[in-house]
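Engineer: Below you will find the structure I want to go over with you.
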Amino acid sequence: MDFASRMAEEKIREAMKQGSFDHLEGKGKPQQLEDLSHIPAELRMGYHLMKNSGYLPEEIHLHKELLSLREMVKACDNDEEKQQLKRRLTEKELRYRLLMEKRGSKQTSAFKSYQSKINQQLFRK
């Protein structure tokens, strides 16, 4: 454990002894953890910080839309409506792929390491 970690731990222990954490909102209740499993581990902190600041990158919005559209296609009984949903899904997938190419994320080591997982998550049908 480095010096900064020890200092942080010491400050946390002092705050606990002083009761600084006794009146926190949600004390005694289970935490609601966010599912960031679709984001590579080394990128999660950055996405979490951006989300807390009110910013989500376009690829995350597209990912949510892709998941939602897939569920809607599965649940749809009307053939005409299902075809429209599939068209929208294809458009969103294409938009996502173009965005990733534009950003050059296929060149990053994170993308290369997790390419198969990313593709399974985003483009499973």
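Labels used: A, B, ... for chains in the order of the structure tokens, numbers from 1 for residues in each chain, and numbers from 1 for ligands as shown.
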Quick one: pick out all alpha helix (DSSP H) residues within chain A from a backbone DSSP run and write them as an MDAnalysis selection string.
Structural biologist: chainID A and resid 3:18 41:52 58:75 79:103 109:123
Engineer: For region 46-59 of chain A, find every residue with an atom within 10 Å (counting only C-alpha atoms), except residues of its own chain fewer than 4 positions away, and show them as a list in words.
Structural biologist: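 My list of contacting residues is Glu34, Leu36, Ile39, Ala41, Glu42, His63, Lys64, Glu65, Arg95, Tyr96, Arg97, Leu99 and Met100 of chain A.
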Engineer: For Gln84 (chain A), which of A:Phe21, A:Met7, A:Asp2, A:Met72 is the closest residue, counting only C-alpha atoms?
Structural biologist: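 The closest residue to Gln84 (chain A) is A:Met72.
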Engineer: Could you check which of A:Leu69, A:Ser37, A:His23, A:Met45 is closest to Glu91 (chain A), using only C-alpha atoms?
Structural biologist: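 Of the candidates, the smallest distance to Glu91 (chain A) is held by A:Leu69.
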Engineer: I want to know what sits within 12 Å of Leu94 (chain A), based on only C-alpha atoms, with residues of the same chain fewer than 4 positions away left out; could you give that as a PyMOL selection string?
Structural biologist: chain A and resi 59+62-63+66+87-90+98-101+122-123
